[in-house]
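S.K.: The following file, protein_13.cif, comprises mmCIF, C-alpha atoms:
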data_target
loop_
_atom_site.group_PDB
_atom_site.id
_atom_site.type_symbol
_atom_site.label_atom_id
_atom_site.label_comp_id
_atom_site.auth_asym_id
_atom_site.auth_seq_id
_atom_site.Cartn_x
_atom_site.Cartn_y
_atom_site.Cartn_z
ATOM 1 C CA MET V 1 11.633 42.129 0.396
ATOM 2 C CA ASP V 2 14.467 39.826 -0.836
ATOM 3 C CA MET V 3 18.193 40.544 -0.477
ATOM 4 C CA GLU V 4 18.623 41.772 -4.046
ATOM 5 C CA LYS V 5 15.931 44.418 -3.614
ATOM 6 C CA LEU V 6 17.345 45.364 -0.219
ATOM 7 C CA GLU V 7 20.759 45.863 -1.782
ATOM 8 C CA ASP V 8 19.239 48.250 -4.330
ATOM 9 C CA LYS V 9 17.582 50.216 -1.504
ATOM 10 C CA ILE V 10 20.330 50.623 1.084
ATOM 11 C CA TYR V 11 18.401 53.219 3.091
ATOM 12 C CA ASP V 12 15.473 50.805 3.481
ATOM 13 C CA ALA V 13 17.855 47.954 4.288
ATOM 14 C CA TYR V 14 19.533 50.083 6.991
ATOM 15 C CA TYR V 15 16.205 50.524 8.803
ATOM 16 C CA SER V 16 14.561 47.262 7.742
ATOM 17 C CA ASN V 17 12.697 45.179 10.308
ATOM 18 C CA THR V 18 11.796 42.420 7.857
ATOM 19 C CA ASN V 19 15.320 41.024 7.509
ATOM 20 C CA ARG V 20 17.271 41.812 10.662
ATOM 21 C CA GLU V 21 20.315 39.712 9.776
ATOM 22 C CA PHE V 22 20.767 41.510 6.447
ATOM 23 C CA ARG V 23 20.073 44.872 8.113
ATOM 24 C CA GLN V 24 22.888 44.199 10.569
ATOM 25 C CA LYS V 25 25.309 43.411 7.727
ATOM 26 C CA VAL V 26 24.306 46.589 5.867
ATOM 27 C CA ARG V 27 24.797 48.673 9.009
ATOM 28 C CA GLU V 28 28.197 47.109 9.634
ATOM 29 C CA ARG V 29 29.423 48.121 6.167
ATOM 30 C CA ILE V 30 27.949 51.639 6.289
ATOM 31 C CA HIS V 31 29.269 52.311 9.783
ATOM 32 C CA TRP V 32 32.721 51.090 8.730
ATOM 33 C CA ILE V 33 32.667 53.528 5.799
ATOM 34 C CA CYS V 34 31.581 56.443 7.993
ATOM 35 C CA GLU V 35 34.206 55.637 10.637
ATOM 36 C CA ASN V 36 36.991 55.770 8.036
ATOM 37 C CA VAL V 37 35.979 58.938 6.196
ATOM 38 C CA SER V 38 38.731 61.550 6.423
ATOM 39 C CA GLY V 39 38.212 65.315 6.100
ATOM 40 C CA ASN V 40 34.973 67.256 5.889
ATOM 41 C CA ILE V 41 34.237 67.398 2.150
ATOM 42 C CA VAL V 42 32.996 64.065 0.794
ATOM 43 C CA LEU V 43 31.909 62.718 -2.611
ATOM 44 C CA ASP V 44 29.522 59.752 -2.390
ATOM 45 C CA ILE V 45 29.466 58.058 -5.812
ATOM 46 C CA GLY V 46 26.486 55.750 -6.339
ATOM 47 C CA CYS V 47 24.798 57.159 -3.245
ATOM 48 C CA SER V 48 21.616 55.132 -3.813
ATOM 49 C CA GLN V 49 18.961 56.302 -1.313
ATOM 50 C CA GLY V 50 21.511 58.459 0.477
ATOM 51 C CA ILE V 51 21.874 56.788 3.880
ATOM 52 C CA THR V 52 25.711 57.106 4.022
ATOM 53 C CA SER V 53 25.599 60.733 2.867
ATOM 54 C CA ILE V 54 22.900 61.572 5.417
ATOM 55 C CA LEU V 55 24.764 59.906 8.290
ATOM 56 C CA LEU V 56 27.898 61.894 7.406
ATOM 57 C CA GLY V 57 25.840 65.080 7.104
ATOM 58 C CA ARG V 58 24.542 64.531 10.633
ATOM 59 C CA GLU V 59 28.186 64.593 11.759
ATOM 60 C CA GLY V 60 28.759 67.969 10.131
ATOM 61 C CA LYS V 61 30.436 66.815 6.926
ATOM 62 C CA LYS V 62 29.589 68.410 3.582
ATOM 63 C CA VAL V 63 28.540 65.625 1.197
ATOM 64 C CA PHE V 64 27.801 65.582 -2.525
ATOM 65 C CA GLY V 65 25.930 62.407 -3.483
ATOM 66 C CA ILE V 66 25.475 61.354 -7.114
ATOM 67 C CA ASP V 67 23.733 58.404 -8.721
ATOM 68 C CA LEU V 68 22.680 57.421 -12.252
ATOM 69 C CA SER V 69 19.263 56.328 -11.031
ATOM 70 C CA GLU V 70 16.635 59.058 -11.001
ATOM 71 C CA SER V 71 14.407 57.057 -8.645
ATOM 72 C CA ALA V 72 17.363 56.600 -6.235
ATOM 73 C CA ILE V 73 18.038 60.350 -6.198
ATOM 74 C CA ASN V 74 14.332 61.056 -5.684
ATOM 75 C CA ASP V 75 14.318 58.642 -2.733
ATOM 76 C CA ALA V 76 17.510 60.185 -1.329
ATOM 77 C CA THR V 77 16.020 63.681 -1.610
ATOM 78 C CA GLU V 78 12.849 62.578 0.177
ATOM 79 C CA ASN V 79 14.903 60.891 2.897
ATOM 80 C CA LEU V 80 16.965 64.048 3.351
ATOM 81 C CA LYS V 81 13.773 66.065 3.906
ATOM 82 C CA LYS V 82 13.188 64.019 7.059
ATOM 83 C CA GLU V 83 16.433 65.366 8.557
ATOM 84 C CA ASN V 84 16.955 68.586 10.496
ATOM 85 C CA GLU V 85 17.738 71.831 8.671
ATOM 86 C CA GLU V 86 21.484 71.733 9.447
ATOM 87 C CA THR V 87 21.889 68.297 7.862
ATOM 88 C CA GLN V 88 19.843 69.311 4.821
ATOM 89 C CA LYS V 89 22.175 72.260 4.200
ATOM 90 C CA LEU V 90 25.246 70.034 4.263
ATOM 91 C CA VAL V 91 24.028 67.278 1.918
ATOM 92 C CA ASP V 92 23.262 67.621 -1.810
ATOM 93 C CA PHE V 93 21.950 64.880 -4.097
ATOM 94 C CA GLN V 94 22.026 65.034 -7.892
ATOM 95 C CA LYS V 95 21.386 62.604 -10.744
ATOM 96 C CA GLU V 96 24.774 62.563 -12.481
ATOM 97 C CA ASN V 97 27.067 60.268 -14.451
ATOM 98 C CA LEU V 98 30.554 60.185 -12.924
ATOM 99 C CA MET V 99 32.232 59.690 -16.294
ATOM 100 C CA LEU V 100 30.507 62.742 -17.834
ATOM 101 C CA TYR V 101 30.308 65.144 -14.909
ATOM 102 C CA ASN V 102 32.761 68.052 -14.654
ATOM 103 C CA PHE V 103 33.588 68.474 -10.988
ATOM 104 C CA LYS V 104 34.255 71.988 -9.708
ATOM 105 C CA GLU V 105 36.241 70.879 -6.679
ATOM 106 C CA ARG V 106 38.197 67.990 -5.250
ATOM 107 C CA TYR V 107 37.265 66.108 -2.140
ATOM 108 C CA ASP V 108 38.856 64.951 1.091
ATOM 109 C CA CYS V 109 37.247 61.549 0.673
ATOM 110 C CA VAL V 110 35.539 59.680 -2.163
ATOM 111 C CA ILE V 111 33.182 56.806 -1.346
ATOM 112 C CA LEU V 112 32.458 53.939 -3.741
ATOM 113 C CA GLY V 113 29.986 51.983 -1.653
ATOM 114 C CA GLU V 114 29.047 48.804 -3.551
ATOM 115 C CA VAL V 115 29.374 50.476 -6.933
ATOM 116 C CA LEU V 116 32.281 48.856 -8.772
ATOM 117 C CA GLU V 117 30.501 45.508 -9.151
ATOM 118 C CA HIS V 118 27.942 47.279 -11.382
ATOM 119 C CA ILE V 119 30.577 48.737 -13.750
ATOM 120 C CA ASN V 120 31.948 47.162 -16.940
ATOM 121 C CA ASP V 121 35.049 49.364 -17.440
ATOM 122 C CA VAL V 122 36.123 49.348 -13.806
ATOM 123 C CA GLN V 123 39.623 50.735 -14.368
ATOM 124 C CA SER V 124 38.403 53.874 -16.168
ATOM 125 C CA PHE V 125 35.652 54.391 -13.608
ATOM 126 C CA PHE V 126 38.037 53.955 -10.685
ATOM 127 C CA SER V 127 40.595 56.331 -12.249
ATOM 128 C CA LYS V 128 37.952 59.053 -12.741
ATOM 129 C CA ALA V 129 36.774 58.599 -9.126
ATOM 130 C CA THR V 130 40.281 58.789 -7.621
ATOM 131 C CA ALA V 131 41.059 61.875 -9.728
ATOM 132 C CA GLN V 132 38.500 63.751 -7.607
ATOM 133 C CA VAL V 133 40.459 63.138 -4.387
ATOM 134 C CA LYS V 134 42.726 65.766 -2.884
ATOM 135 C CA ASP V 135 46.324 64.934 -2.019
ATOM 136 C CA ASN V 136 46.425 62.923 1.203
ATOM 137 C CA GLY V 137 42.710 62.179 0.683
ATOM 138 C CA ARG V 138 41.067 58.777 0.856
ATOM 139 C CA VAL V 139 39.080 56.496 -1.439
ATOM 140 C CA ILE V 140 36.840 54.044 0.422
ATOM 141 C CA VAL V 141 35.545 51.041 -1.502
ATOM 142 C CA THR V 142 33.134 48.296 -0.502
ATOM 143 C CA THR V 143 32.024 45.487 -2.834
ATOM 144 C CA PRO V 144 30.715 41.940 -2.573
ATOM 145 C CA PHE V 145 33.661 39.627 -2.117
ATOM 146 C CA GLY V 146 33.912 36.539 -4.317
ATOM 147 C CA ILE V 147 31.046 34.922 -6.201
ATOM 148 C CA ASN V 148 27.658 36.617 -5.986
ATOM 149 C CA ASP V 149 24.492 36.024 -7.980
ATOM 150 C CA PHE V 150 22.812 39.424 -8.102
ATOM 151 C CA ILE V 151 21.426 40.017 -11.592
ATOM 152 C CA ASP V 152 22.909 43.478 -12.192
ATOM 153 C CA HIS V 153 26.452 42.653 -11.019
ATOM 154 C CA LYS V 154 28.948 42.752 -13.847
ATOM 155 C CA ARG V 155 31.925 41.072 -12.210
ATOM 156 C CA THR V 156 33.376 39.326 -9.176
ATOM 157 C CA PHE V 157 36.123 40.822 -6.992
ATOM 158 C CA TYR V 158 38.950 39.130 -5.121
ATOM 159 C CA LEU V 159 41.914 40.545 -3.239
ATOM 160 C CA HIS V 160 44.124 40.693 -6.318
ATOM 161 C CA ASP V 161 41.657 43.040 -8.070
ATOM 162 C CA PHE V 162 42.041 45.671 -5.381
ATOM 163 C CA LEU V 163 45.822 45.345 -5.394
ATOM 164 C CA SER V 164 45.814 46.025 -9.130
ATOM 165 C CA PHE V 165 44.106 49.407 -8.597
ATOM 166 C CA GLN V 166 47.145 50.731 -6.736
ATOM 167 C CA SER V 167 49.546 53.197 -8.324
ATOM 168 C CA ASP V 168 52.609 55.199 -7.321
ATOM 169 C CA VAL V 169 50.398 57.783 -5.588
ATOM 170 C CA LEU V 170 47.485 55.564 -4.523
ATOM 171 C CA LYS V 171 48.101 52.834 -1.992
ATOM 172 C CA ILE V 172 45.988 50.502 0.104
ATOM 173 C CA VAL V 173 46.267 51.423 3.786
ATOM 174 C CA ASP V 174 43.605 49.161 5.246
ATOM 175 C CA ILE V 175 41.501 46.144 4.319
ATOM 176 C CA LYS V 176 38.418 44.979 6.188
ATOM 177 C CA PHE V 177 36.670 41.689 5.547
ATOM 178 C CA LEU V 178 32.920 42.087 6.113
ATOM 179 C CA GLY V 179 31.516 38.621 5.618
ATOM 180 C CA LYS V 180 30.647 38.314 1.938
ATOM 181 C CA TRP V 181 31.798 41.897 1.382
ATOM 182 C CA ILE V 182 35.204 43.539 1.530
ATOM 183 C CA GLY V 183 36.165 47.096 2.436
ATOM 184 C CA VAL V 184 39.351 48.684 1.079
ATOM 185 C CA ILE V 185 40.818 52.093 1.961
ATOM 186 C CA TYR V 186 43.183 53.794 -0.492
ATOM 187 C CA GLN V 187 45.312 56.798 0.476
ATOM 188 C CA LYS V 188 46.394 59.312 -2.166
ATOM 189 C CA SER V 189 49.929 60.455 -1.443
ATOM 190 C CA PRO V 190 53.330 59.993 -3.134
ATOM 191 C CA ASN V 191 54.946 59.330 0.215
ATOM 192 C CA ILE V 192 52.434 56.848 1.594
ATOM 193 C CA THR V 193 53.545 53.390 2.610
ATOM 194 C CA ASP V 194 51.102 50.748 1.499
ATOM 195 C CA ILE V 195 49.732 48.033 3.743
ATOM 196 C CA GLU V 196 52.010 45.120 4.540
ATOM 197 C CA PHE V 197 50.702 41.799 3.313
ATOM 198 C CA ASP V 198 52.009 39.842 6.226
ATOM 199 C CA HIS V 199 51.000 36.647 7.955
ATOM 200 C CA HIS V 200 48.254 38.448 9.867
ATOM 201 C CA LEU V 201 46.530 39.729 6.696
ATOM 202 C CA LEU V 202 46.826 36.345 5.013
ATOM 203 C CA LEU V 203 45.316 34.686 8.073
ATOM 204 C CA GLU V 204 42.416 37.159 8.108
ATOM 205 C CA PHE V 205 41.851 36.556 4.399
ATOM 206 C CA GLU V 206 41.780 32.787 4.853
ATOM 207 C CA GLN V 207 39.493 33.035 7.890
ATOM 208 C CA ASN V 208 37.031 35.101 5.868
ATOM 209 C CA ILE V 209 37.151 32.604 2.997
ATOM 210 C CA TYR V 210 36.578 29.812 5.516
ATOM 211 C CA LYS V 211 33.605 31.696 6.959
ATOM 212 C CA ILE V 212 32.062 32.198 3.515
ATOM 213 C CA GLU V 213 32.643 28.554 2.603
ATOM 214 C CA ARG V 214 31.147 27.448 5.926
ATOM 215 C CA GLU V 215 28.038 29.545 5.270
ATOM 216 C CA TYR V 216 27.700 27.984 1.818
ATOM 217 C CA LEU V 217 28.121 24.489 3.265
ATOM 218 C CA GLU V 218 25.530 25.185 5.948
ATOM 219 C CA LYS V 219 23.130 26.504 3.338
ATOM 220 C CA GLN V 220 23.877 23.462 1.208
ATOM 221 C CA LEU V 221 23.102 21.229 4.199
ATOM 222 C CA GLN V 222 19.896 23.166 4.882
ATOM 223 C CA LEU V 223 18.870 22.805 1.253
ATOM 224 C CA ARG V 224 19.730 19.101 1.361
ATOM 225 C CA ASN V 225 17.631 18.603 4.488
ATOM 226 C CA LYS V 226 14.850 20.653 2.950
ATOM 227 C CA ASN V 227 15.087 18.546 -0.199
ATOM 228 C CA LEU V 228 14.901 15.334 1.847
ATOM 229 C CA ALA V 229 11.912 16.687 3.763
ATOM 230 C CA MET V 230 10.206 17.611 0.507
ATOM 231 C CA LYS V 231 11.007 14.174 -0.928
ATOM 232 C CA LYS V 232 9.461 12.603 2.161
ATOM 233 C CA GLN V 233 6.370 14.754 1.727
ATOM 234 C CA ILE V 234 6.200 13.768 -1.940
ATOM 235 C CA ASP V 235 6.499 10.058 -1.054
ATOM 236 C CA GLU V 236 3.795 10.447 1.589
ATOM 237 C CA ALA V 237 1.619 12.266 -0.915
ATOM 238 C CA LYS V 238 2.216 9.476 -3.456
ATOM 239 C CA ASN V 239 1.266 6.812 -0.892
ATOM 240 C CA LYS V 240 -1.799 8.766 0.100
ATOM 241 C CA ASN V 241 -2.679 9.202 -3.544
ATOM 242 C CA LYS V 242 -2.245 5.460 -4.064
ATOM 243 C CA GLU V 243 -4.546 4.768 -1.108
ATOM 244 C CA LEU V 244 -7.056 7.224 -2.505
ATOM 245 C CA ARG V 245 -6.901 5.560 -5.929
ATOM 246 C CA GLU V 246 -7.369 2.131 -4.322
ATOM 247 C CA ASN V 247 -10.214 3.527 -2.270
ATOM 248 C CA VAL V 248 -11.746 5.023 -5.392
ATOM 249 C CA ASP V 249 -11.334 1.714 -7.238
ATOM 250 C CA TYR V 250 -12.941 -0.125 -4.321
ATOM 251 C CA LYS V 251 -15.818 2.340 -4.217
ATOM 252 C CA LYS V 252 -16.145 2.052 -7.974
ATOM 253 C CA LYS V 253 -16.337 -1.728 -7.642
ATOM 254 C CA LEU V 254 -18.979 -1.383 -4.924
ATOM 255 C CA LEU V 255 -20.945 0.987 -7.121
ATOM 256 C CA ILE V 256 -20.781 -1.495 -10.014
ATOM 257 C CA GLU V 257 -21.944 -4.309 -7.722
ATOM 258 C CA LYS V 258 -24.671 -2.084 -6.348
ATOM 259 C CA ALA V 259 -25.726 -1.176 -9.877
ATOM 260 C CA GLU V 260 -25.886 -4.883 -10.738
ATOM 261 C CA LYS V 261 -28.006 -5.522 -7.650
ATOM 262 C CA VAL V 262 -30.279 -2.655 -8.536
ATOM 263 C CA LYS V 263 -30.592 -4.022 -12.066
ATOM 264 C CA ILE V 264 -31.483 -7.502 -10.731
ATOM 265 C CA GLN V 265 -33.924 -5.990 -8.253
ATOM 266 C CA LYS V 266 -35.495 -3.987 -11.058
ATOM 267 C CA GLU V 267 -35.869 -7.163 -13.178
ATOM 268 C CA LEU V 268 -37.370 -9.008 -10.190
ATOM 269 C CA ILE V 269 -39.837 -6.192 -9.604
ATOM 270 C CA GLU V 270 -40.797 -6.217 -13.295
ATOM 271 C CA GLN V 271 -41.259 -10.021 -13.169
ATOM 272 C CA TYR V 272 -43.283 -9.692 -10.004
ATOM 273 C CA ASN V 273 -45.459 -7.010 -11.615
ATOM 274 C CA ARG V 274 -46.037 -9.292 -14.656
ATOM 275 C CA GLU V 275 -47.020 -12.194 -12.374
ATOM 276 C CA GLU V 276 -49.331 -9.913 -10.440
ATOM 277 C CA GLN V 277 -50.936 -8.862 -13.702
ATOM 278 C CA LEU V 278 -51.407 -12.509 -14.739
ATOM 279 C CA ILE V 279 -52.913 -13.346 -11.375
ATOM 280 C CA GLN V 280 -55.283 -10.410 -11.700
ATOM 281 C CA GLU V 281 -56.250 -11.555 -15.200
ATOM 282 C CA GLN V 282 -56.758 -15.121 -13.921
ATOM 283 C CA ARG V 283 -58.925 -13.848 -11.087
ATOM 284 C CA GLU V 284 -60.996 -11.811 -13.549
ATOM 285 C CA LEU V 285 -61.468 -14.842 -15.809
ATOM 286 C CA SER V 286 -62.469 -16.969 -12.814
ATOM 287 C CA ARG V 287 -64.991 -14.346 -11.758
ATOM 288 C CA GLN V 288 -66.462 -14.192 -15.268
ATOM 289 C CA TYR V 289 -66.585 -18.010 -15.412
ATOM 290 C CA GLU V 290 -68.434 -18.131 -12.084
ATOM 291 C CA ILE V 291 -70.923 -15.579 -13.377
ATOM 292 C CA LEU V 292 -71.510 -17.596 -16.536
ATOM 293 C CA GLN V 293 -71.765 -20.814 -14.528
ATOM 294 C CA HIS V 294 -74.264 -19.209 -12.228
ATOM 295 C CA ARG V 295 -76.316 -17.992 -15.191
ATOM 296 C CA TYR V 296 -76.146 -21.401 -16.795
ATOM 297 C CA ASN V 297 -77.388 -23.128 -13.630
ATOM 298 C CA ASN V 298 -80.239 -20.671 -13.333
ATOM 299 C CA ILE V 299 -81.305 -21.320 -16.921
ATOM 300 C CA LYS V 300 -80.814 -25.064 -16.533
ATOM 301 C CA ASN V 301 -83.102 -25.303 -13.498
ATOM 302 C CA SER V 302 -85.865 -23.170 -14.975
ATOM 303 C CA THR V 303 -89.028 -24.797 -16.694
ATOM 304 C CA LEU V 304 -87.970 -23.448 -20.078
ATOM 305 C CA GLY V 305 -84.450 -24.646 -19.460
ATOM 306 C CA LYS V 306 -85.555 -28.164 -18.589
ATOM 307 C CA PHE V 307 -87.786 -28.319 -21.672
ATOM 308 C CA THR V 308 -84.984 -27.033 -23.855
ATOM 309 C CA LEU V 309 -82.542 -29.628 -22.498
ATOM 310 C CA LYS V 310 -85.029 -32.459 -23.168
ATOM 311 C CA TYR V 311 -85.570 -31.157 -26.663
ATOM 312 C CA TRP V 312 -81.846 -31.090 -27.434
ATOM 313 C CA ASN V 313 -81.308 -34.517 -25.915
ATOM 314 C CA TRP V 314 -84.090 -35.867 -28.168
ATOM 315 C CA ARG V 315 -82.533 -34.188 -31.209
ATOM 316 C CA ASN V 316 -79.130 -35.644 -30.382
ATOM 317 C CA LYS V 317 -80.543 -39.154 -30.146
ATOM 318 C CA ARG V 318 -82.407 -38.814 -33.467
ATOM 319 C CA GLY V 319 -79.285 -37.567 -35.060
ATOM 320 C CA ARG V 320 -77.268 -40.603 -33.989
ATOM 321 C CA LYS V 321 -79.856 -42.964 -35.590
#
What would the structure in this file look like if it were written as structure tokens?
M.R.:
Amino acid sequence: MDMEKLEDKIYDAYYSNTNREFRQKVRERIHWICENVSGNIVLDIGCSQGITSILLGREGKKVFGIDLSESAINDATENLKKENEETQKLVDFQKENLMLYNFKERYDCVILGEVLEHINDVQSFFSKATAQVKDNGRVIVTTPFGINDFIDHKRTFYLHDFLSFQSDVLKIVDIKFLGKWIGVIYQKSPNITDIEFDHHLLLEFEQNIYKIEREYLEKQLQLRNKNLAMKKQIDEAKNKNKELRENVDYKKKLLIEKAEKVKIQKELIEQYNREEQLIQEQRELSRQYEILQHRYNNIKNSTLGKFTLKYWNWRNKRGRK
């Protein structure tokens, strides 16, 4: 399961054994949210699979979790069924749209856990969420911090964005840098004093930016080394392929030479067969000649043969006269 899918399934990510580093980061953010929840009546907007709501329910808090995703609410409901009866009574999940839902009560704490980055009209969404908070209540926000490449994220958040959400009755009281994520706590009160942006906060901000940049540089170095290793493998493969081609060409040349030799051998065998045939024919002619010679000698030495020869000799002499 990749990081984007894990982010969509926070409950699974919280208990995941396949990506322990990411699981630890998810747990750090969720635990930070739970530690900073004030009061006992909580609204969890974009509750996903319900892990934050369930953890708060285990601590005796009454939680209403909403999400636009029907599958997320179904998962959250199934996850809640695994809990004891007391927790199940305290936690309620419903498929609802924040901007359209008419709330019957206000809450001690509203959670926006990695929700704002998915919203186009963030200001309207944030205003509707904070309107559900009681006086002296809290709004807890976590989002990816800086550039992120998840497909369904609509925007990127920096420190200035969270400062702009403040109003006369809603002030930032705490900021927590969580690696590539940031956590911000708003307090709703006309008399609240907002957080001081002093040297310490600036230093923490810069250290977090440095950490993110260092991670990117390390990943860049890893990718560079991986690229070099792949290039080396490609070069080795090319050399091996060249050797194979040369080997194939050599074998092809040997095959051609062998074919030529076979052709010559075939011609020699055919020539040899023709000579053998001629020899056999010569032997047959010699045998027939010997037979005829033998017959001739037999006739020549017989009484009739001798008489016949004398007769023909006499005729030849008469003919010459």
S.K.: For the structure shown, which residues end up in the PyMOL selection byres ((chain V and resi 111) around 9)? Put them as JSON, numbers by chain, please?
M.R.: {"V": [33, 37, 42, 43, 44, 45, 46, 47, 109, 110, 112, 113, 129, 138, 139, 140, 141, 142]}
S.K.: Can you list, as a list in words, the residues that the PyMOL selection byres ((chain V and resi 156-160) around 8) selects here?
M.R.: Glu117, Thr143, Pro144, Phe145, Gly146, Ile147, Asn148, His153, Lys154, Arg155, Asp161, Phe162, Leu163 and Ser164 of chain V
S.K.: If the box runs along x, y and z of the file and leaves 5 Å on each side of region 222-233 of chain V, what are its centre and edge lengths in Å, one decimal, as JSON?
M.R.:
{"center_x": 13.1, "center_y": 17.9, "center_z": 2.0, "size_x": 23.5, "size_y": 20.6, "size_z": 15.8}
S.K.: If you measure from CA of Ile256 (chain V) to CA of Lys242 (chain V), what distance in Å do you get, rounded to one decimal?
M.R.: 20.7 Å
S.K.: Residue by residue, what does the PyMOL selection byres ((chain V and resi 58) around 12) grab here? Present the result as number ranges by chain.
M.R.: V: 34, 40, 51-57, 59-63, 80, 82-91
S.K.: Return region 88-95 of chain V, completed with all heavy atoms, as a compact mmCIF listing (two decimals), keeping the file's coordinate frame.
M.R.:
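Output file out22.txt is given in full below:
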# COMPACT_ATOMS: atom_id res chain seq x y z
N GLN V 88 20.30 69.05 6.19
CA GLN V 88 19.84 69.31 4.82
C GLN V 88 20.76 70.30 4.10
O GLN V 88 21.00 70.17 2.90
CB GLN V 88 18.41 69.85 4.84
CG GLN V 88 17.38 68.82 5.31
CD GLN V 88 15.96 69.34 5.22
OE1 GLN V 88 15.61 70.05 4.28
NE2 GLN V 88 15.14 69.00 6.20
N LYS V 89 21.29 71.26 4.82
CA LYS V 89 22.18 72.26 4.20
C LYS V 89 23.52 71.67 3.80
O LYS V 89 24.17 72.15 2.86
CB LYS V 89 22.40 73.43 5.15
CG LYS V 89 21.17 74.31 5.36
CD LYS V 89 21.48 75.42 6.34
CE LYS V 89 20.26 76.32 6.56
NZ LYS V 89 20.54 77.40 7.55
N LEU V 90 23.93 70.62 4.50
CA LEU V 90 25.25 70.03 4.26
C LEU V 90 25.25 68.96 3.18
O LEU V 90 26.31 68.63 2.65
CB LEU V 90 25.78 69.43 5.57
CG LEU V 90 26.20 70.43 6.65
CD1 LEU V 90 26.46 69.71 7.97
CD2 LEU V 90 27.45 71.19 6.20
N VAL V 91 24.09 68.41 2.85
CA VAL V 91 24.03 67.28 1.92
C VAL V 91 23.30 67.69 0.64
O VAL V 91 22.24 68.33 0.69
CB VAL V 91 23.32 66.07 2.56
CG1 VAL V 91 23.26 64.90 1.57
CG2 VAL V 91 24.03 65.64 3.85
N ASP V 92 23.86 67.31 -0.51
CA ASP V 92 23.26 67.62 -1.81
C ASP V 92 23.25 66.35 -2.65
O ASP V 92 24.27 65.66 -2.77
CB ASP V 92 24.08 68.72 -2.51
CG ASP V 92 23.50 69.07 -3.87
OD1 ASP V 92 22.27 68.93 -4.05
OD2 ASP V 92 24.27 69.46 -4.76
N PHE V 93 22.08 66.04 -3.22
CA PHE V 93 21.95 64.88 -4.10
C PHE V 93 21.62 65.33 -5.52
O PHE V 93 20.77 66.20 -5.72
CB PHE V 93 20.82 63.95 -3.60
CG PHE V 93 21.11 63.29 -2.28
CD1 PHE V 93 20.31 63.54 -1.18
CD2 PHE V 93 22.18 62.42 -2.14
CE1 PHE V 93 20.56 62.92 0.04
CE2 PHE V 93 22.44 61.81 -0.93
CZ PHE V 93 21.63 62.06 0.17
N GLN V 94 22.30 64.72 -6.49
CA GLN V 94 22.03 65.03 -7.89
C GLN V 94 22.14 63.77 -8.74
O GLN V 94 22.98 62.90 -8.47
CB GLN V 94 23.00 66.08 -8.42
CG GLN V 94 22.83 67.47 -7.83
CD GLN V 94 23.74 68.49 -8.50
OE1 GLN V 94 24.06 68.37 -9.68
NE2 GLN V 94 24.15 69.50 -7.74
N LYS V 95 21.30 63.70 -9.77
CA LYS V 95 21.39 62.60 -10.74
C LYS V 95 22.50 62.95 -11.73
O LYS V 95 22.35 63.85 -12.58
CB LYS V 95 20.06 62.42 -11.48
CG LYS V 95 20.08 61.33 -12.55
CD LYS V 95 18.74 61.27 -13.26
CE LYS V 95 18.78 60.21 -14.37
NZ LYS V 95 19.79 60.51 -15.40
